[in-house]
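Q: I am sharing coords_18.cif, which consists of mmCIF, C-alpha atoms:
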```cif
data_final
loop_
_atom_site.label_atom_id
_atom_site.label_comp_id
_atom_site.auth_asym_id
_atom_site.auth_seq_id
_atom_site.Cartn_x
_atom_site.Cartn_y
_atom_site.Cartn_z
CA PHE A 1 -28.22 -17.21 -54.64
CA ASN A 2 -29.62 -13.78 -53.87
CA MET A 3 -31.31 -15.14 -50.73
CA LYS A 4 -28.02 -16.74 -49.54
CA ARG A 5 -26.21 -13.50 -50.24
CA PHE A 6 -28.84 -11.58 -48.29
CA VAL A 7 -28.56 -13.95 -45.30
CA PHE A 8 -24.75 -13.72 -45.42
CA LEU A 9 -24.87 -9.93 -45.38
CA ILE A 10 -27.29 -9.99 -42.44
CA LEU A 11 -24.98 -12.34 -40.49
CA LEU A 12 -21.94 -10.23 -41.36
CA SER A 13 -23.70 -7.07 -40.22
CA PHE A 14 -24.65 -8.80 -36.95
CA LEU A 15 -21.05 -9.88 -36.36
CA VAL A 16 -19.70 -6.39 -37.06
CA TYR A 17 -22.35 -4.90 -34.78
CA SER A 18 -21.47 -7.42 -32.03
CA CYS A 19 -17.77 -6.56 -32.33
CA ASN A 20 -18.55 -2.86 -32.13
CA ILE A 21 -20.66 -3.45 -29.03
CA SER A 22 -17.80 -5.44 -27.47
CA GLU A 23 -15.25 -2.74 -28.30
CA SER A 24 -17.60 -0.07 -26.99
CA ASN A 25 -18.00 -1.95 -23.71
CA LYS A 26 -14.23 -2.25 -23.40
CA GLU A 27 -13.81 1.47 -23.89
CA SER A 28 -16.59 2.36 -21.47
CA ASN A 29 -15.37 -0.02 -18.76
CA ALA A 30 -11.65 0.72 -18.87
CA ILE A 31 -9.12 3.48 -19.45
CA GLY A 32 -6.54 1.61 -21.50
CA GLY A 33 -5.64 -1.40 -19.37
CA THR A 34 -7.16 0.01 -16.16
CA PRO A 35 -10.73 -0.96 -15.19
CA LEU A 36 -13.14 1.92 -14.66
CA MET A 37 -15.06 2.35 -11.40
CA GLN A 38 -17.99 4.75 -11.48
CA ILE A 39 -19.17 6.01 -8.09
CA GLU A 40 -22.48 7.83 -7.72
CA THR A 41 -24.10 9.65 -4.81
CA THR A 42 -26.82 12.25 -4.61
CA GLU A 43 -25.64 15.83 -4.89
CA ASN A 44 -26.51 16.52 -1.23
CA ASP A 45 -24.67 13.40 -0.07
CA TYR A 46 -21.56 14.39 -2.02
CA ILE A 47 -21.64 17.88 -0.49
CA ASN A 48 -21.97 16.34 2.99
CA LEU A 49 -19.11 13.94 2.26
CA LEU A 50 -16.91 16.82 1.07
CA GLU A 51 -17.74 18.95 4.11
CA ASN A 52 -16.93 16.05 6.47
CA LYS A 53 -13.90 14.55 4.75
CA LEU A 54 -11.74 15.10 7.85
CA THR A 55 -13.96 12.64 9.73
CA ASP A 56 -15.23 9.10 9.09
CA PHE A 57 -18.64 10.40 8.01
CA SER A 58 -20.17 8.09 5.37
CA VAL A 59 -22.94 8.39 2.77
CA PRO A 60 -24.78 5.84 0.59
CA CYS A 61 -23.29 5.24 -2.83
CA ARG A 62 -23.77 3.22 -6.00
CA LEU A 63 -20.77 1.71 -7.80
CA VAL A 64 -20.46 0.31 -11.30
CA TYR A 65 -17.42 -1.88 -11.84
CA LEU A 66 -16.79 -4.44 -14.60
CA ASN A 67 -20.43 -4.33 -15.77
CA LYS A 68 -21.84 -4.98 -12.29
CA VAL A 69 -23.75 -2.58 -10.05
CA TYR A 70 -23.06 -2.46 -6.30
CA ASN A 71 -24.58 -0.53 -3.40
CA GLY A 72 -22.62 0.52 -0.37
CA LYS A 73 -21.37 3.33 1.82
CA ILE A 74 -18.40 5.60 1.18
CA SER A 75 -16.35 7.80 3.49
CA ALA A 76 -13.02 9.60 3.37
CA SER A 77 -9.87 7.66 4.28
CA GLY A 78 -6.20 8.36 4.83
CA SER A 79 -4.58 11.01 6.98
CA GLY A 80 -2.63 13.67 5.07
CA SER A 81 -4.46 12.93 1.81
CA ARG A 82 -7.72 14.26 3.25
CA TYR A 83 -6.28 17.76 2.96
CA HIS A 84 -5.62 17.39 -0.78
CA ASP A 85 -7.89 17.74 -3.78
CA LYS A 86 -7.24 14.09 -4.65
CA TRP A 87 -8.25 12.34 -1.45
CA GLY A 88 -8.81 8.71 -0.54
CA TYR A 89 -12.01 6.79 0.15
CA LYS A 90 -13.17 3.83 2.20
CA VAL A 91 -15.94 1.72 0.67
CA LYS A 92 -18.13 -0.89 2.38
CA LEU A 93 -20.42 -2.88 0.09
CA GLU A 94 -23.90 -4.02 1.12
CA TYR A 95 -25.43 -7.51 1.05
CA GLY A 96 -22.06 -9.20 1.49
CA GLU A 97 -21.05 -8.43 -2.10
CA THR A 98 -17.39 -8.15 -3.02
CA ILE A 99 -15.10 -6.43 -5.52
CA ARG A 100 -11.81 -8.26 -6.06
CA GLY A 101 -12.91 -10.53 -3.21
CA LEU A 102 -13.25 -7.58 -0.82
CA ASN A 103 -16.43 -6.48 0.92
CA GLU A 104 -14.62 -3.47 2.40
CA PHE A 105 -11.64 -1.68 0.87
CA ASN A 106 -9.79 1.60 0.52
CA LEU A 107 -9.37 3.62 -2.65
CA SER A 108 -5.97 5.16 -1.95
CA SER A 109 -5.09 8.49 -3.54
CA GLN A 110 -1.30 7.84 -3.41
CA ILE A 111 -0.81 11.60 -3.49
CA TYR A 112 2.97 11.54 -3.01
CA ASP A 113 3.66 9.08 -5.81
CA LYS A 114 4.25 10.81 -9.15
CA THR A 115 4.67 7.54 -11.06
CA GLY A 116 1.72 5.48 -9.86
CA LEU A 117 4.17 2.60 -9.44
CA SER A 118 5.41 2.84 -5.84
CA ILE A 119 2.69 0.68 -4.33
CA LEU A 120 3.25 -1.99 -6.99
CA ILE A 121 7.04 -2.11 -6.52
CA ALA A 122 6.89 -2.02 -2.72
CA THR A 123 4.22 -4.72 -2.55
CA GLN A 124 6.32 -7.06 -4.68
CA MET A 125 9.48 -6.38 -2.66
CA TYR A 126 7.81 -7.07 0.71
CA LEU A 127 6.16 -10.20 -0.72
CA LYS A 128 9.50 -11.52 -2.01
CA LEU A 129 10.82 -11.18 1.54
CA GLY A 130 7.94 -13.20 2.96
CA PHE A 131 5.81 -10.46 4.52
CA PRO A 132 2.02 -10.74 4.38
CA VAL A 133 0.99 -7.73 2.30
CA ASN A 134 -2.45 -6.42 1.44
CA SER A 135 -3.58 -6.80 -2.17
CA SER A 136 -3.92 -3.77 -4.45
CA ASN A 137 -5.40 -3.50 -7.94
CA TYR A 138 -5.58 -0.25 -9.88
CA THR A 139 -8.85 1.26 -11.04
CA TYR A 140 -9.77 4.59 -12.64
CA ILE A 141 -12.44 6.50 -10.74
CA LYS A 142 -15.18 8.72 -12.01
CA PHE A 143 -17.19 10.21 -9.13
CA ASN A 144 -20.61 11.54 -10.17
CA GLY A 145 -19.28 11.66 -13.73
CA ILE A 146 -16.16 13.67 -12.82
CA ASP A 147 -12.69 12.19 -13.40
CA LYS A 148 -10.88 11.56 -10.11
CA GLY A 149 -8.07 9.52 -11.63
CA LEU A 150 -5.92 6.50 -10.92
CA TYR A 151 -6.52 4.76 -7.56
CA PRO A 152 -5.51 1.34 -6.23
CA ILE A 153 -8.23 -0.76 -4.64
CA VAL A 154 -6.43 -1.58 -1.38
CA GLU A 155 -7.27 -4.48 0.91
CA ARG A 156 -7.68 -3.44 4.54
CA VAL A 157 -5.69 -5.26 7.25
CA GLU A 158 -8.59 -6.49 9.35
CA GLU A 159 -10.21 -9.82 10.26
CA GLN A 160 -10.83 -10.85 6.63
CA PHE A 161 -7.16 -10.24 5.77
CA PHE A 162 -6.16 -13.00 8.21
CA SER A 163 -8.99 -15.43 7.47
CA ASP A 164 -8.31 -15.21 3.71
CA ARG A 165 -4.68 -16.24 4.39
CA ASN A 166 -5.47 -18.82 7.09
CA MET A 167 -3.34 -16.81 9.50
CA PRO A 168 -4.16 -17.04 13.21
CA VAL A 169 -4.32 -13.65 14.90
CA ASN A 170 -4.10 -13.03 18.64
CA GLU A 171 -3.34 -9.29 18.59
CA LEU A 172 -2.91 -6.56 16.00
CA TYR A 173 -1.70 -3.00 16.60
CA LYS A 174 -1.62 -0.23 14.00
CA ILE A 175 1.37 2.07 14.48
CA GLY A 176 0.36 5.72 14.23
CA PHE A 177 2.12 9.00 13.54
CA GLU A 178 5.26 9.71 15.66
CA THR A 179 5.08 6.47 17.63
CA LYS A 180 7.96 5.87 20.05
CA PHE A 181 9.27 2.48 21.11
CA THR A 182 10.69 3.50 24.46
CA PHE A 183 9.46 4.48 27.91
CA SER A 184 12.52 6.66 28.53
CA SER A 185 10.53 9.85 27.91
CA LEU A 186 7.46 8.67 29.84
CA TYR A 187 5.83 7.71 26.55
CA ILE A 188 2.25 6.40 26.58
CA PRO A 189 1.67 3.98 23.63
CA GLU A 190 -2.12 4.46 23.66
CA TYR A 191 -1.61 8.01 22.35
CA ASN A 192 -0.21 6.97 18.95
CA ILE A 193 -1.03 3.29 18.55
CA GLU A 194 -4.43 1.79 17.75
CA LYS A 195 -5.27 -1.69 18.93
CA LYS A 196 -7.22 -3.29 16.09
CA ILE A 197 -7.60 -6.92 17.27
CA PRO A 198 -9.10 -7.53 19.74
CA ASP A 199 -10.86 -4.20 20.11
CA ASP A 200 -9.98 -3.60 23.76
CA ASN A 201 -7.72 -1.37 25.85
CA ASN A 202 -5.27 -4.06 26.91
CA PHE A 203 -1.82 -2.93 25.70
CA ASN A 204 0.14 -5.16 28.08
CA SER A 205 1.92 -7.31 25.48
CA LEU A 206 2.98 -4.23 23.50
CA LYS A 207 4.22 -2.53 26.66
CA ASN A 208 6.17 -5.67 27.54
CA MET A 209 7.86 -5.49 24.15
CA ILE A 210 8.77 -1.82 24.60
CA ASN A 211 10.13 -2.52 28.08
CA ALA A 212 12.19 -5.42 26.68
CA LEU A 213 13.67 -3.03 24.09
CA ASP A 214 14.56 -0.54 26.81
CA THR A 215 16.27 -3.13 29.01
CA ALA A 216 17.70 -5.73 26.61
CA ASP A 217 21.43 -6.44 26.61
CA LEU A 218 22.28 -7.65 23.10
CA THR A 219 26.01 -8.06 23.65
CA ASN A 220 26.11 -11.80 23.07
CA SER A 221 22.60 -12.80 22.01
CA TYR A 222 19.25 -11.34 20.96
CA LEU A 223 17.23 -14.36 22.11
CA GLY A 224 15.96 -12.53 25.21
CA LEU A 225 14.46 -9.78 23.06
CA ASN A 226 13.29 -12.35 20.52
CA LYS A 227 10.69 -13.54 23.02
CA TYR A 228 8.86 -10.23 22.51
CA LEU A 229 9.90 -9.11 19.01
CA ASP A 230 11.02 -11.36 16.16
CA VAL A 231 14.38 -9.64 15.69
CA LYS A 232 15.23 -11.11 12.27
CA ASN A 233 11.75 -10.31 10.98
CA TYR A 234 11.99 -6.70 12.18
CA ILE A 235 15.51 -6.25 10.79
CA LYS A 236 14.35 -7.53 7.40
CA TYR A 237 11.39 -5.13 7.50
CA HIS A 238 13.53 -2.18 8.51
CA ALA A 239 16.20 -2.92 5.88
CA ILE A 240 13.80 -3.11 2.90
CA THR A 241 11.90 -0.08 4.19
CA VAL A 242 15.16 1.89 4.22
CA ILE A 243 16.03 0.62 0.73
CA LEU A 244 12.63 1.73 -0.58
CA ASN A 245 13.15 5.02 1.23
CA ASN A 246 9.70 4.55 2.75
CA GLN A 247 10.47 7.06 5.47
CA ASP A 248 6.84 7.25 6.61
CA ALA A 249 7.04 3.65 7.86
CA PHE A 250 9.48 3.70 10.78
CA THR A 251 7.34 5.53 13.36
CA ASN A 252 4.06 5.29 11.45
CA ASN A 253 2.14 3.17 8.96
CA PHE A 254 2.87 -0.45 9.83
CA PHE A 255 1.24 -3.14 11.94
CA LEU A 256 2.64 -5.19 14.80
CA TYR A 257 1.08 -8.64 14.65
CA LYS A 258 1.03 -11.43 17.22
CA ALA A 259 -0.16 -14.78 15.85
CA LYS A 260 -0.61 -16.57 19.20
CA PRO A 261 -0.46 -15.46 22.85
CA ASN A 262 3.15 -16.63 23.23
CA SER A 263 4.32 -15.49 19.78
CA PRO A 264 6.74 -12.58 19.37
CA PHE A 265 5.52 -9.56 17.43
CA THR A 266 6.17 -9.54 13.68
CA VAL A 267 5.55 -6.77 11.14
CA ILE A 268 2.87 -6.32 8.49
CA PRO A 269 3.80 -3.46 6.11
CA TRP A 270 1.25 -0.81 5.14
CA ASP A 271 0.96 2.26 2.84
CA PHE A 272 3.71 2.84 0.29
CA ASP A 273 3.08 6.13 -1.54
CA LYS A 274 6.00 7.90 0.17
CA CYS A 275 8.59 5.47 -1.18
CA PHE A 276 11.41 6.81 -3.36
CA ILE A 277 11.16 10.39 -2.05
CA GLY A 278 14.25 12.07 -0.60
CA ASN A 279 17.20 10.07 0.69
CA VAL A 280 16.89 8.65 4.19
CA GLY A 281 20.15 7.39 5.66
CA ILE A 282 21.17 3.76 6.02
CA TYR A 283 19.42 3.29 9.37
CA GLY A 284 16.09 5.12 9.01
CA GLU A 285 15.86 6.00 12.66
CA ASN A 286 13.46 4.80 15.32
CA GLU A 287 14.06 3.45 18.82
CA ILE A 288 14.06 -0.18 17.64
CA ILE A 289 16.90 0.21 15.15
CA ALA A 290 18.73 2.55 17.54
CA LYS A 291 18.82 -0.31 20.05
CA LEU A 292 19.79 -2.95 17.48
CA LYS A 293 22.62 -0.94 15.91
CA SER A 294 24.11 -0.12 19.32
CA PHE A 295 25.39 -3.72 19.66
CA PRO A 296 27.89 -5.25 17.20
CA LEU A 297 25.96 -8.54 16.91
CA THR A 298 22.64 -7.06 15.80
CA LYS A 299 24.26 -4.21 13.86
CA LYS A 300 26.09 -6.75 11.70
CA LEU A 301 22.91 -8.78 11.27
CA TYR A 302 21.18 -5.64 10.00
CA LEU A 303 23.97 -4.73 7.56
CA ASP A 304 24.24 -8.31 6.30
CA THR A 305 20.48 -8.43 5.75
CA MET A 306 20.45 -5.16 3.84
CA LYS A 307 23.37 -6.24 1.66
CA ASP A 308 21.65 -9.53 0.87
CA ILE A 309 18.44 -7.74 -0.17
CA LEU A 310 20.35 -5.28 -2.36
CA THR A 311 22.28 -8.13 -3.98
CA ASN A 312 19.47 -10.62 -4.52
CA ILE A 313 16.06 -8.93 -4.23
CA PHE A 314 16.18 -5.19 -4.85
CA THR A 315 18.25 -5.38 -8.01
CA GLU A 316 17.86 -3.16 -11.05
CA SER A 317 16.73 -6.09 -13.18
CA GLU A 318 14.09 -7.19 -10.64
CA VAL A 319 12.67 -3.72 -10.00
CA PHE A 320 12.77 -2.64 -13.63
CA PHE A 321 10.93 -5.84 -14.57
CA ILE A 322 8.11 -4.86 -12.19
CA ILE A 323 8.01 -1.36 -13.68
CA GLU A 324 7.82 -2.67 -17.24
CA HIS A 325 5.22 -5.27 -16.27
CA TYR A 326 2.75 -2.63 -15.02
CA TYR A 327 3.80 0.22 -17.33
CA MET A 328 1.36 -0.37 -20.18
CA SER A 329 -1.58 -1.31 -17.94
CA ILE A 330 -1.68 2.09 -16.19
CA LYS A 331 -0.19 4.38 -18.86
CA ASP A 332 -3.48 5.62 -20.33
CA ALA A 333 -5.13 6.00 -16.93
CA TYR A 334 -2.12 8.00 -15.73
CA LYS A 335 -2.35 10.35 -18.71
CA ASN A 336 -6.08 10.93 -18.04
CA ASP A 337 -5.61 11.50 -14.31
CA PRO A 338 -6.39 15.21 -13.59
CA TYR A 339 -3.72 15.27 -10.85
CA LEU A 340 -1.01 13.44 -12.81
CA GLY A 341 -0.95 13.40 -16.62
CA LYS A 342 -3.40 16.25 -17.03
CA ASN A 343 -1.60 18.21 -14.34
CA GLY A 344 1.59 18.33 -16.41
CA TYR A 345 3.39 15.18 -15.27
CA ILE A 346 4.75 13.12 -18.16
CA PHE A 347 4.53 9.42 -17.35
CA GLU A 348 7.58 8.39 -19.35
CA ASP A 349 9.72 11.11 -17.74
CA GLU A 350 8.60 10.21 -14.22
CA VAL A 351 9.32 6.52 -14.84
CA ASN A 352 12.82 7.35 -16.11
CA LYS A 353 13.44 9.51 -13.03
CA LEU A 354 12.34 6.60 -10.84
CA LYS A 355 14.76 4.22 -12.59
CA GLN A 356 17.64 6.64 -12.12
CA TYR A 357 16.69 7.07 -8.46
CA ILE A 358 16.75 3.30 -7.94
CA ILE A 359 20.22 3.00 -9.52
CA GLN A 360 21.60 5.80 -7.36
CA ARG A 361 19.87 4.53 -4.22
CA ARG A 362 21.36 1.05 -4.57
CA ASN A 363 24.87 2.41 -5.17
CA TYR A 364 24.61 4.78 -2.21
CA LEU A 365 23.45 2.06 0.20
CA LEU A 366 26.01 -0.51 -0.96
CA ASN A 367 28.80 2.04 -0.43
CA GLN A 368 27.43 2.97 3.01
CA ILE A 369 27.30 -0.68 4.06
CA GLU A 370 31.00 -1.11 3.27
CA LEU A 371 31.83 2.00 5.29
CA GLU A 372 29.82 0.68 8.28
CA TYR A 373 31.50 -2.77 8.43
#
```
In structure tokens, what does this structure look like?

A:
Amino acid sequence: FNMKRFVFLILLSFLVYSCNISESNKESNAIGGTPLMQIETTENDYINLLENKLTDFSVPCRLVYLNKVYNGKISASGSGSRYHDKWGYKVKLEYGETIRGLNEFNLSSQIYDKTGLSILIATQMYLKLGFPVNSSNYTYIKFNGIDKGLYPIVERVEEQFFSDRNMPVNELYKIGFETKFTFSSLYIPEYNIEKKIPDDNNFNSLKNMINALDTADLTNSYLGLNKYLDVKNYIKYHAITVILNNQDAFTNNFFLYKAKPNSPFTVIPWDFDKCFIGNVGIYGENEIIAKLKSFPLTKKLYLDTMKDILTNIFTESEVFFIIEHYYMSIKDAYKNDPYLGKNGYIFEDEVNKLKQYIIQRRNYLLNQIELEY
């Protein structure tokens, strides 16, 4: 009996020890429901990275994520975020290894988002409307042992983005800061727009689209313009972007995508941390919407599309469901973030402010639509 009791106690101790090890691993690999990513460089490499964060200068790094060690290179990413203490990173892993299926990805600082939820809400809204949207999964970063906070792992819109979705790609342009969609002021698209695929200097198809916008007569039909730009697709993009108040995404921060040589351009959304800030008007100006709203046919199509989205997609119940779904998974990481929770922002208060903003935004836009009809 004593021997059986002894063996039982040994087994019990082993089980308790195993559980403690499991719990310890959970705590060391996650902040609440958010996986931890530890990034390590040499001290000299980190100093060089910091001194060159306004460029694409990269240094070797080691990452630990979900109990696996990776080697790669890391550089700064983003535009305005590079000037902030919490700045973004671009990571490229070696040996073809992947994290979340990605060999190359951004760690976006989302510096304008005080809830940590904008990218999650916007991604779901664009997806519900049928747009191809890059994946994003939150992680909590420690860099050389120092807390950097809550970051989404963001898929880059490059060749792998299209191959993973079995999407053909003929051309891809990234719209840059203060892009214009008109030649009326002798505008040169190459100044603000980056051609990503193929990597050449042939902007002819984009220039043809801009010229079509300048010259199109949309009095009775938009089919002539539709040869160059998928009008319904763009109107849907513009409407949801206005609803989200993503004011950085009318003359910046989206992609124009051409599937085949004879396809019209469609939109791929990008970068959502400036959603829900301020109160952009019902049209969110750029030269494309200025053209479309100047004709009754396309103006009505725009207003009808926005009303449909506000009635069926961007509803309080739908958006609040997304908020509640992600709330618990990032709450602890938010509170530990040195630029959010530890900087005085209270997660619950910021979430409540966001909900009130969404209610007011919907009411404002629905009233404006009725005034415009």

Q: Dump as a JSON list (two decimals) with C-alpha atoms, in the frame of the given file all residues having an atom at most 12 Å from (-19.8, -10.5, -4.8), computed in the file's coordinates with all atoms listed in the file.

A:
```json
[["chain", "number", "residue", "atom", "x", "y", "z"],
["A", 65, "TYR", "CA", -17.42, -1.88, -11.84],
["A", 66, "LEU", "CA", -16.79, -4.44, -14.60],
["A", 68, "LYS", "CA", -21.84, -4.98, -12.29],
["A", 69, "VAL", "CA", -23.75, -2.58, -10.05],
["A", 70, "TYR", "CA", -23.06, -2.46, -6.30],
["A", 71, "ASN", "CA", -24.58, -0.53, -3.40],
["A", 93, "LEU", "CA", -20.42, -2.88, 0.09],
["A", 94, "GLU", "CA", -23.90, -4.02, 1.12],
["A", 95, "TYR", "CA", -25.43, -7.51, 1.05],
["A", 96, "GLY", "CA", -22.06, -9.20, 1.49],
["A", 97, "GLU", "CA", -21.05, -8.43, -2.10],
["A", 98, "THR", "CA", -17.39, -8.15, -3.02],
["A", 99, "ILE", "CA", -15.10, -6.43, -5.52],
["A", 100, "ARG", "CA", -11.81, -8.26, -6.06],
["A", 101, "GLY", "CA", -12.91, -10.53, -3.21],
["A", 102, "LEU", "CA", -13.25, -7.58, -0.82],
["A", 103, "ASN", "CA", -16.43, -6.48, 0.92],
["A", 104, "GLU", "CA", -14.62, -3.47, 2.40]]
```

Q: Distance CA of Asn29 (chain A)-CA of Leu49 (chain A), one decimal place?

A: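 Interatomic distance, CA of Asn29 (chain A) to CA of Leu49 (chain A): 25.5 Å.
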
Q: Please evaluate the PyMOL selection byres ((chain A and resi 143-159) around 9) against the structure above and give the resulting residues as a PyMOL selection string.

A: chain A and resi 34+37-43+46+86+88+99-100+102+104-110+116+119+133-142+160-164+169+172+196-197+255+268+270+330+333-334+336-340

Q: Give me the residues near Ala239 (chain A) as a list in words, where near means some atom within 10 Å (using only C-alpha atoms) and where sequence neighbours in that chain fewer than 2 positions away do not count.

A: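 Counting only C-alpha atoms, the residues come to Tyr234, Ile235, Lys236, Tyr237, Thr241, Val242, Ile243, Leu244, Asn245, Ile282, Tyr283, Gly284, Ile289, Tyr302, Leu303, Asp304, Thr305, Met306, Lys307, Asp308, Ile309 and Leu310 of chain A.
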
Q: Dump C-alpha atoms for the selected residues as a tab-separated table (two decimals), in the coordinates of the input?

A:
```
chain	number	residue	atom	x	y	z
A	234	TYR	CA	11.99	-6.70	12.18
A	235	ILE	CA	15.51	-6.25	10.79
A	236	LYS	CA	14.35	-7.53	7.40
A	237	TYR	CA	11.39	-5.13	7.50
A	241	THR	CA	11.90	-0.08	4.19
A	242	VAL	CA	15.16	1.89	4.22
A	243	ILE	CA	16.03	0.62	0.73
A	244	LEU	CA	12.63	1.73	-0.58
A	245	ASN	CA	13.15	5.02	1.23
A	282	ILE	CA	21.17	3.76	6.02
A	283	TYR	CA	19.42	3.29	9.37
A	284	GLY	CA	16.09	5.12	9.01
A	289	ILE	CA	16.90	0.21	15.15
A	302	TYR	CA	21.18	-5.64	10.00
A	303	LEU	CA	23.97	-4.73	7.56
A	304	ASP	CA	24.24	-8.31	6.30
A	305	THR	CA	20.48	-8.43	5.75
A	306	MET	CA	20.45	-5.16	3.84
A	307	LYS	CA	23.37	-6.24	1.66
A	308	ASP	CA	21.65	-9.53	0.87
A	309	ILE	CA	18.44	-7.74	-0.17
A	310	LEU	CA	20.35	-5.28	-2.36
```

Q: Run the PyMOL selection byres ((chain A and resi 191) around 10) mentally over the shown coordinates, then write out the matched residues as a list in words, using the chain letters and numbers from the document.

A: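 On the file shown, the PyMOL selection byres ((chain A and resi 191) around 10) covers Gly176, Phe177, Glu178, Thr179, Tyr187, Ile188, Pro189, Glu190, Asn192, Ile193 and Glu194 of chain A.
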
Q: Once 4 Å is added on each side, what centre and edge lengths in Å to one decimal does the axis-aligned box around all listed atoms of region 307-317 of chain A have, as JSON?

A:
```
{"center_x": 19.7, "center_y": -6.9, "center_z": -5.8, "size_x": 15.3, "size_y": 15.5, "size_z": 22.8}
```

Q: Restricting the calculation to only C-alpha atoms, which member of A:Glu51, A:Val59, A:Asn44, A:Ile359 is positioned closest to Thr315 (chain A)?

A: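 For Thr315 (chain A), the nearest of the given residues is A:Ile359.
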